[in-house]
Amino acid sequence: MAKTSRDLTEGPVWKALAVLSGPMMLGILAVISTGLVDAYFLSKVSSEALAAVGFVYPVTTAISSLSIGLSAGAGAIIAQALGRREDDDDVTRRGLHALGIGLVLAALASALFWLLDGPLFALLGAEPEVLEAALRYTPLWCLSFPFLVSMMLINAIFRAHGSGLASAGIMVFSAVVNVATTPVFILGLGPLPALGITGAALGTLVAMVTASILAVALALRAGTLQPCSEPLRDFWRNAKTIASIGGPAATSNAINPAGMALVTGAVATVGSAAVGGFGAATRVESLVAVPLLALSSGIGPVVGQNWGAEMRDRSREALRLCLQFSVGYGLLVAIALTLFAGPIASAFGAGDDSTAAAESYLRVVGWSIFGFGMLVTGNAALNAISKAGHAMTLSVARVLVVYVPLAWLGVTLFGYAGVLGAAVVANIFGAWAVLVAARATDLLKTDVAPVGAPARVVPD
């Protein structure tokens, strides 16, 4: 185990999860808050600007899944190597190779998106005024994407070494910069002109550049990235391993926002106001899902190190605890959203119609958020044991077989309410699929007991 790493194969499993997931909760909350800030201030600009972000957000999130997949691949091979007590230079090379591959792929993805953004948003159903606003956002976002990838990869390397605090600190820093600059760029201040939706993209660019610089500096200081002998040694082997995990993991993560883009197209048949409300509600949903997303960030290193060390019961216990938490927390969130959906939707709606659409989404879909939690934590655990193909299969099935077809069928038969019903069914399907995949990969051998109750062990 490298001297800069935390050994996650010792001590209570719940404590290892807490050490990583606790700080990540703050980091993810900070990052998601930037999307809420964008939505809030753009709602003060125009309904077209808010609707434009409703189209842009799922597409950029889908592209960002490239970095999530690469991070999953890098985190898995580093955590497993640490669990096997491999040489420090070998561990460092894996991180350097992942970073180099990520930057090249990010540059290519940014260029492709910049070339195709207009036809893509038009295909999704953006009206002329909304399309024009969206096209003012994408060029600066494309410039920011390579910096986002480098920051996320370094964060994944920190987490694989057992340091959730460093990763969370970088995320908080990027969010603080974004939240501080974005309102100024959007609305203008003093001599600075009001840039509207372009200002939202500029705030993202400034935040990503400064945060990636900080990430590199901290990684060099901590020794998680450092000069090593023969830096190109085993490059193709590591690239192949990262791709075998990162490719399916990227698909798993991309398929949800890609599906959201297709579902947004279905919502667009109802009207731009519904798109704005739907987009605002999904951002609120992301906010209340922060603890679940934090667990999905924390479970990977715990499962990966223990799986690499052949301590598989600890890996299984980590997943079981995360699934139990998802159910309990999901029920609490559902109750809260049912009670307070109105005031929350009013804060982010640009008009009565978009507010009503956001409120309906929160009241209905909130009751299925436990399934989303089980899905993201289960996928992260599967990626950590190099079973990314299983995670990809269930994610693709959830979106392309269940969510998208039901959303279009639902909107045709029942209007906006049909889309909400499709989201609920898709989340519940995701929960069931994770249990099936976990048992098929030997990652779950116990019945998932109610929260607080002991699990019943199924004999081998």
# chains A, B, ... in the order shown; residues from 1 in each chain; ligands from 1
$ residues_around --residues "Gly418 in chain A" --least-positions-apart "2" --cutoff "12 Å" --atoms "only C-alpha atoms" --output "MDAnalysis selection string"
chainID A and resid 263 266:267 270 360:361 364:365 403:416 420:425
$ write_last_selection --atoms "N, CA and C atoms" --output "tab-separated table (two decimals), in the first residue's frame"
chain	number	residue	atom	x	y	z
A	263	VAL	N	-36.12	12.04	-23.67
A	263	VAL	CA	-37.35	12.30	-22.92
A	263	VAL	C	-37.70	13.78	-22.98
A	266	ALA	N	-39.67	14.40	-25.84
A	266	ALA	CA	-41.08	14.06	-25.62
A	266	ALA	C	-41.79	15.18	-24.87
A	267	VAL	N	-41.12	15.73	-23.84
A	267	VAL	CA	-41.72	16.83	-23.07
A	267	VAL	C	-41.92	18.06	-23.96
A	270	VAL	N	-45.15	18.96	-25.47
A	270	VAL	CA	-46.14	19.63	-24.63
A	270	VAL	C	-45.96	21.14	-24.69
A	360	SER	N	-45.20	19.04	-10.29
A	360	SER	CA	-45.75	17.71	-10.56
A	360	SER	C	-44.65	16.66	-10.59
A	361	TYR	N	-43.55	17.00	-11.23
A	361	TYR	CA	-42.43	16.05	-11.31
A	361	TYR	C	-41.93	15.69	-9.92
A	364	VAL	N	-44.38	13.40	-7.87
A	364	VAL	CA	-44.60	12.05	-8.38
A	364	VAL	C	-43.31	11.24	-8.42
A	365	VAL	N	-42.29	11.76	-9.10
A	365	VAL	CA	-41.06	11.00	-9.33
A	365	VAL	C	-40.26	10.85	-8.03
A	403	TYR	N	-37.52	3.47	-20.02
A	403	TYR	CA	-37.83	4.89	-19.82
A	403	TYR	C	-38.25	5.60	-21.11
A	404	VAL	N	-37.39	5.58	-22.13
A	404	VAL	CA	-37.68	6.35	-23.34
A	404	VAL	C	-38.95	5.87	-24.05
A	405	PRO	N	-39.11	4.56	-24.30
A	405	PRO	CA	-40.34	4.13	-24.96
A	405	PRO	C	-41.60	4.47	-24.17
A	406	LEU	N	-41.54	4.27	-22.83
A	406	LEU	CA	-42.72	4.58	-22.02
A	406	LEU	C	-43.00	6.07	-21.97
A	407	ALA	N	-41.94	6.90	-21.99
A	407	ALA	CA	-42.14	8.35	-21.96
A	407	ALA	C	-42.86	8.83	-23.22
A	408	TRP	N	-42.44	8.35	-24.38
A	408	TRP	CA	-43.10	8.76	-25.62
A	408	TRP	C	-44.52	8.19	-25.71
A	409	LEU	N	-44.68	6.96	-25.27
A	409	LEU	CA	-46.03	6.39	-25.25
A	409	LEU	C	-46.91	7.15	-24.27
A	410	GLY	N	-46.32	7.45	-23.10
A	410	GLY	CA	-47.09	8.14	-22.07
A	410	GLY	C	-47.50	9.54	-22.46
A	411	VAL	N	-46.57	10.29	-23.09
A	411	VAL	CA	-46.90	11.66	-23.48
A	411	VAL	C	-47.94	11.67	-24.59
A	412	THR	N	-47.94	10.63	-25.41
A	412	THR	CA	-48.93	10.52	-26.49
A	412	THR	C	-50.32	10.25	-25.93
A	413	LEU	N	-50.37	9.39	-24.90
A	413	LEU	CA	-51.66	8.98	-24.35
A	413	LEU	C	-52.16	9.90	-23.23
A	414	PHE	N	-51.23	10.37	-22.39
A	414	PHE	CA	-51.65	11.09	-21.18
A	414	PHE	C	-51.01	12.47	-21.02
A	415	GLY	N	-50.23	12.91	-22.00
A	415	GLY	CA	-49.58	14.20	-21.88
A	415	GLY	C	-48.40	14.14	-20.91
A	416	TYR	N	-48.14	15.24	-20.24
A	416	TYR	CA	-46.97	15.35	-19.34
A	416	TYR	C	-47.01	14.31	-18.23
A	420	LEU	N	-44.04	11.42	-16.42
A	420	LEU	CA	-43.74	11.22	-15.00
A	420	LEU	C	-43.92	9.76	-14.61
A	421	GLY	N	-44.97	9.13	-15.10
A	421	GLY	CA	-45.17	7.71	-14.81
A	421	GLY	C	-44.05	6.86	-15.36
A	422	ALA	N	-43.55	7.21	-16.54
A	422	ALA	CA	-42.44	6.47	-17.14
A	422	ALA	C	-41.18	6.58	-16.28
A	423	ALA	N	-40.93	7.75	-15.70
A	423	ALA	CA	-39.75	7.95	-14.85
A	423	ALA	C	-39.83	7.07	-13.61
A	424	VAL	N	-41.01	6.96	-13.02
A	424	VAL	CA	-41.19	6.12	-11.83
A	424	VAL	C	-40.93	4.65	-12.16
A	425	VAL	N	-41.51	4.17	-13.24
A	425	VAL	CA	-41.32	2.78	-13.63
A	425	VAL	C	-39.84	2.50	-13.92
$ closest_atom_pairs --of "range 258-330 of chain A" --to "range 72-93 of chain A" --cutoff "10 Å" --atoms "only C-alpha atoms" --output "Markdown table"
| residue | atom | partner | partner_atom | distance |
| --- | --- | --- | --- | --- |
| A:Ser297 | CA | A:Ala72 | CA | 9.3 |
| A:Gly300 | CA | A:Ala76 | CA | 7.1 |
| A:Pro301 | CA | A:Ala79 | CA | 5.6 |
| A:Val302 | CA | A:Ala79 | CA | 8.1 |
| A:Val303 | CA | A:Ala79 | CA | 8.5 |
| A:Gly304 | CA | A:Gln80 | CA | 5.1 |
| A:Gln305 | CA | A:Gly83 | CA | 4.3 |
| A:Asn306 | CA | A:Gly83 | CA | 6.2 |
| A:Trp307 | CA | A:Gln80 | CA | 6.8 |
| A:Gly308 | CA | A:Gln80 | CA | 4.3 |
| A:Ala309 | CA | A:Gly83 | CA | 4.6 |
| A:Glu310 | CA | A:Gly83 | CA | 8.3 |
| A:Met311 | CA | A:Gly83 | CA | 9.3 |
$ write_last_selection --atoms "N, CA and C atoms" --output "mmCIF file, in the first residue's frame"
data_model
loop_
_atom_site.group_PDB
_atom_site.id
_atom_site.type_symbol
_atom_site.label_atom_id
_atom_site.label_comp_id
_atom_site.auth_asym_id
_atom_site.auth_seq_id
_atom_site.Cartn_x
_atom_site.Cartn_y
_atom_site.Cartn_z
ATOM 1 N N SER A 297 -19.784 7.452 -5.165
ATOM 2 C CA SER A 297 -18.376 7.827 -5.266
ATOM 3 C C SER A 297 -17.529 7.102 -4.231
ATOM 4 N N GLY A 300 -16.924 2.679 -4.628
ATOM 5 C CA GLY A 300 -15.974 2.126 -5.585
ATOM 6 C C GLY A 300 -14.615 1.797 -4.991
ATOM 7 N N PRO A 301 -13.947 2.758 -4.330
ATOM 8 C CA PRO A 301 -12.652 2.445 -3.719
ATOM 9 C C PRO A 301 -12.735 1.368 -2.639
ATOM 10 N N VAL A 302 -13.816 1.378 -1.852
ATOM 11 C CA VAL A 302 -13.955 0.374 -0.797
ATOM 12 C C VAL A 302 -14.094 -1.017 -1.398
ATOM 13 N N VAL A 303 -14.993 -1.149 -2.364
ATOM 14 C CA VAL A 303 -15.179 -2.440 -3.022
ATOM 15 C C VAL A 303 -13.926 -2.841 -3.791
ATOM 16 N N GLY A 304 -13.309 -1.884 -4.507
ATOM 17 C CA GLY A 304 -12.146 -2.192 -5.327
ATOM 18 C C GLY A 304 -10.946 -2.669 -4.530
ATOM 19 N N GLN A 305 -10.608 -1.958 -3.452
ATOM 20 C CA GLN A 305 -9.451 -2.373 -2.644
ATOM 21 C C GLN A 305 -9.700 -3.742 -2.016
ATOM 22 N N ASN A 306 -10.890 -3.961 -1.483
ATOM 23 C CA ASN A 306 -11.167 -5.242 -0.833
ATOM 24 C C ASN A 306 -11.277 -6.382 -1.832
ATOM 25 N N TRP A 307 -11.809 -6.122 -3.006
ATOM 26 C CA TRP A 307 -11.881 -7.150 -4.041
ATOM 27 C C TRP A 307 -10.472 -7.533 -4.495
ATOM 28 N N GLY A 308 -9.606 -6.507 -4.669
ATOM 29 C CA GLY A 308 -8.226 -6.781 -5.052
ATOM 30 C C GLY A 308 -7.471 -7.553 -3.989
ATOM 31 N N ALA A 309 -7.823 -7.332 -2.726
ATOM 32 C CA ALA A 309 -7.172 -8.027 -1.614
ATOM 33 C C ALA A 309 -7.830 -9.378 -1.311
ATOM 34 N N GLU A 310 -8.754 -9.809 -2.174
ATOM 35 C CA GLU A 310 -9.484 -11.078 -1.993
ATOM 36 C C GLU A 310 -10.302 -11.105 -0.699
ATOM 37 N N MET A 311 -10.780 -9.934 -0.265
ATOM 38 C CA MET A 311 -11.640 -9.838 0.920
ATOM 39 C C MET A 311 -13.066 -9.517 0.443
#
$ closest_residue --among "A:Ser286, A:Thr181, A:Ser65, A:Ser296" --to "Asn383 in chain A" --atoms "only C-alpha atoms"
A:Ser296
$ residues_around --residues "range 105-111 of chain A" --least-positions-apart "3" --cutoff "10 Å" --atoms "only C-alpha atoms" --output "count of residues only"
24
$ closest_residue --among "A:Arg221, A:Arg363, A:Arg398, A:Arg320" --to "Gly378 in chain A" --atoms "only C-alpha atoms"
A:Arg320
$ residues_around --residues "Leu218 in chain A" --least-positions-apart "3" --cutoff "10 Å" --atoms "only C-alpha atoms" --output "list in words"
Ile154, Phe158, Ala166, Ser167, Ile170, Ser212, Ile213, Leu214, Ala215, Arg221, Ala222, Gly223, Thr224 and Leu225 of chain A
$ write_last_selection --atoms "N, CA and C atoms" --output "mmCIF file, in the first residue's frame"
data_model
loop_
_atom_site.group_PDB
_atom_site.id
_atom_site.type_symbol
_atom_site.label_atom_id
_atom_site.label_comp_id
_atom_site.auth_asym_id
_atom_site.auth_seq_id
_atom_site.Cartn_x
_atom_site.Cartn_y
_atom_site.Cartn_z
ATOM 1 N N ILE A 154 -8.288 13.284 -11.692
ATOM 2 C CA ILE A 154 -7.431 13.441 -10.510
ATOM 3 C C ILE A 154 -8.244 13.189 -9.241
ATOM 4 N N PHE A 158 -7.480 10.387 -6.309
ATOM 5 C CA PHE A 158 -7.479 10.657 -4.866
ATOM 6 C C PHE A 158 -8.390 9.669 -4.131
ATOM 7 N N ALA A 166 -9.619 15.313 -0.156
ATOM 8 C CA ALA A 166 -8.951 16.079 -1.214
ATOM 9 C C ALA A 166 -9.867 16.217 -2.427
ATOM 10 N N SER A 167 -10.500 15.123 -2.808
ATOM 11 C CA SER A 167 -11.406 15.150 -3.956
ATOM 12 C C SER A 167 -12.558 16.120 -3.721
ATOM 13 N N ILE A 170 -11.488 19.880 -3.899
ATOM 14 C CA ILE A 170 -11.349 20.399 -5.257
ATOM 15 C C ILE A 170 -12.719 20.721 -5.844
ATOM 16 N N SER A 212 -8.883 22.706 -12.112
ATOM 17 C CA SER A 212 -7.954 21.708 -12.641
ATOM 18 C C SER A 212 -6.513 22.052 -12.274
ATOM 19 N N ILE A 213 -6.195 23.335 -12.250
ATOM 20 C CA ILE A 213 -4.858 23.749 -11.814
ATOM 21 C C ILE A 213 -4.639 23.371 -10.352
ATOM 22 N N LEU A 214 -5.647 23.632 -9.508
ATOM 23 C CA LEU A 214 -5.546 23.261 -8.098
ATOM 24 C C LEU A 214 -5.400 21.752 -7.937
ATOM 25 N N ALA A 215 -6.153 20.972 -8.720
ATOM 26 C CA ALA A 215 -6.109 19.513 -8.611
ATOM 27 C C ALA A 215 -4.710 18.975 -8.917
ATOM 28 N N ARG A 221 1.682 17.469 -4.807
ATOM 29 C CA ARG A 221 2.117 17.639 -3.411
ATOM 30 C C ARG A 221 1.870 16.374 -2.594
ATOM 31 N N ALA A 222 0.720 15.711 -2.846
ATOM 32 C CA ALA A 222 0.389 14.501 -2.076
ATOM 33 C C ALA A 222 1.153 13.280 -2.555
ATOM 34 N N GLY A 223 1.664 13.328 -3.782
ATOM 35 C CA GLY A 223 2.394 12.182 -4.316
ATOM 36 C C GLY A 223 1.531 11.187 -5.048
ATOM 37 N N THR A 224 0.227 11.467 -5.189
ATOM 38 C CA THR A 224 -0.629 10.561 -5.955
ATOM 39 C C THR A 224 -0.339 10.676 -7.444
ATOM 40 N N LEU A 225 0.171 11.816 -7.872
ATOM 41 C CA LEU A 225 0.759 11.981 -9.204
ATOM 42 C C LEU A 225 2.182 12.463 -8.985
#
$ closest_residue --among "A:Val59, A:Ala16, A:Leu8, A:Leu135" --to "Thr264 in chain A" --atoms "only C-alpha atoms"
A:Val59
$ closest_atom_pairs --of "range 179-224 of chain A" --to "range 28-44 of chain A" --cutoff "10 Å" --atoms "only C-alpha atoms" --output "Markdown table"
| residue | atom | partner | partner_atom | distance |
| --- | --- | --- | --- | --- |
| A:Val179 | CA | A:Thr34 | CA | 5.8 |
| A:Ala180 | CA | A:Thr34 | CA | 9.6 |
| A:Thr182 | CA | A:Asp38 | CA | 7.2 |
| A:Pro183 | CA | A:Phe41 | CA | 6.6 |
| A:Val184 | CA | A:Phe41 | CA | 9.9 |
| A:Ile186 | CA | A:Phe41 | CA | 7.3 |
| A:Leu187 | CA | A:Phe41 | CA | 7.8 |
| A:Gly196 | CA | A:Leu42 | CA | 7.0 |
| A:Ile197 | CA | A:Leu42 | CA | 6.8 |
| A:Gly199 | CA | A:Asp38 | CA | 9.4 |
| A:Ala200 | CA | A:Asp38 | CA | 6.2 |
| A:Ala201 | CA | A:Asp38 | CA | 9.2 |
| A:Gly203 | CA | A:Thr34 | CA | 9.4 |
| A:Thr204 | CA | A:Thr34 | CA | 8.6 |
$ write_last_selection --atoms "N, CA and C atoms" --output "compact mmCIF listing (two decimals), in the first residue's frame"
# COMPACT_ATOMS: atom_id res chain seq x y z
N VAL A 179 -20.12 29.61 -8.64
CA VAL A 179 -21.26 30.33 -8.04
C VAL A 179 -20.95 31.81 -7.87
N ALA A 180 -19.68 32.14 -7.59
CA ALA A 180 -19.31 33.55 -7.40
C ALA A 180 -19.29 34.33 -8.71
N THR A 182 -20.72 33.22 -11.93
CA THR A 182 -21.82 33.04 -12.88
C THR A 182 -22.90 34.12 -12.79
N PRO A 183 -23.42 34.48 -11.59
CA PRO A 183 -24.44 35.53 -11.55
C PRO A 183 -23.94 36.86 -12.11
N VAL A 184 -22.66 37.15 -11.86
CA VAL A 184 -22.08 38.39 -12.39
C VAL A 184 -22.04 38.36 -13.90
N ILE A 186 -23.89 36.48 -15.90
CA ILE A 186 -25.24 36.39 -16.47
C ILE A 186 -25.94 37.75 -16.45
N LEU A 187 -25.94 38.42 -15.29
CA LEU A 187 -26.72 39.65 -15.10
C LEU A 187 -25.91 40.91 -15.29
N GLY A 196 -26.14 37.02 -20.19
CA GLY A 196 -27.21 36.04 -20.27
C GLY A 196 -26.68 34.62 -20.21
N ILE A 197 -27.17 33.77 -21.11
CA ILE A 197 -26.79 32.36 -21.08
C ILE A 197 -25.31 32.16 -21.41
N GLY A 199 -22.99 33.98 -20.24
CA GLY A 199 -22.33 34.18 -18.95
C GLY A 199 -22.32 32.93 -18.11
N ALA A 200 -23.37 32.11 -18.21
CA ALA A 200 -23.39 30.84 -17.48
C ALA A 200 -22.27 29.93 -17.95
N ALA A 201 -22.05 29.88 -19.26
CA ALA A 201 -20.97 29.05 -19.80
C ALA A 201 -19.61 29.61 -19.43
N GLY A 203 -18.84 31.28 -16.73
CA GLY A 203 -18.59 30.94 -15.33
C GLY A 203 -18.10 29.52 -15.18
N THR A 204 -18.65 28.59 -15.96
CA THR A 204 -18.20 27.20 -15.94
C THR A 204 -16.76 27.09 -16.40
$ select_by_dssp --residues "range 71-290 of chain A" --states "helix (DSSP H, G or I)" --output "PyMOL selection string"
chain A and resi 71-83+88-123+128-160+164-187+197-222+235-268+272-288+290
$ closest_residue --among "A:Val376, A:Ala207, A:Val53, A:Ala273" --to "Cys322 in chain A" --atoms "only C-alpha atoms"
A:Val376
$ residues_around --residues "Ala391 in chain A" --least-positions-apart "4" --cutoff "8 Å" --atoms "only C-alpha atoms" --output "list in words"
Pro248, Ala249, Ser252, Gly378, Asn379, Leu382, Asn383, Lys387, Ser395, Val434 and Ala437 of chain A
$ residues_around --residues "range 130-132 of chain A" --least-positions-apart "4" --cutoff "12 Å" --atoms "only C-alpha atoms" --output "VMD selection string"
chain A and resid 46 to 56 117 to 126 136 to 138 197 to 198 268 271 to 273 275 to 276
$ write_last_selection --atoms "C-alpha atoms" --output "compact mmCIF listing (two decimals), in the first residue's frame"
# COMPACT_ATOMS: atom_id res chain seq x y z
CA SER A 46 -36.14 34.72 -19.95
CA SER A 47 -38.14 31.53 -20.31
CA GLU A 48 -36.16 30.87 -23.54
CA ALA A 49 -32.87 30.91 -21.64
CA LEU A 50 -34.23 28.51 -19.01
CA ALA A 51 -35.64 26.21 -21.69
CA ALA A 52 -32.30 26.32 -23.56
CA VAL A 53 -30.52 25.01 -20.49
CA GLY A 54 -33.18 22.30 -20.32
CA PHE A 55 -31.97 21.11 -23.74
CA VAL A 56 -28.26 21.72 -23.08
CA ASP A 117 -24.60 21.27 -31.53
CA GLY A 118 -27.01 23.09 -33.84
CA PRO A 119 -28.43 20.04 -35.68
CA LEU A 120 -28.53 18.10 -32.40
CA PHE A 121 -30.64 20.62 -30.50
CA ALA A 122 -32.89 21.12 -33.51
CA LEU A 123 -33.41 17.37 -33.71
CA LEU A 124 -34.40 17.34 -30.03
CA GLY A 125 -37.15 19.85 -30.78
CA ALA A 126 -35.69 23.18 -29.67
CA ARG A 136 -24.55 30.80 -27.32
CA TYR A 137 -23.77 28.42 -24.46
CA THR A 138 -22.00 25.50 -26.13
CA ILE A 197 -26.79 32.36 -21.08
CA THR A 198 -23.27 32.98 -22.43
CA ALA A 268 -41.09 19.40 -25.83
CA GLY A 271 -44.40 23.03 -24.88
CA SER A 272 -41.29 25.03 -23.92
CA ALA A 273 -42.73 25.86 -20.50
CA VAL A 275 -39.33 21.72 -20.84
CA GLY A 276 -38.22 24.51 -18.50
$ closest_residue --among "A:Gly169, A:Gly328, A:Gly298, A:Gly389" --to "Gly246 in chain A" --atoms "only C-alpha atoms"
A:Gly389
$ closest_residue --among "A:Ile299, A:Val288, A:Val333, A:Ile255" --to "Val401 in chain A" --atoms "only C-alpha atoms"
A:Ile255
$ residues_around --residues "Phe370 in chain A" --least-positions-apart "2" --cutoff "7 Å" --atoms "only C-alpha atoms" --output "list in words"
Ser326, Val327, Gly330, Leu331, Ser368, Phe372, Gly373 and Met374 of chain A
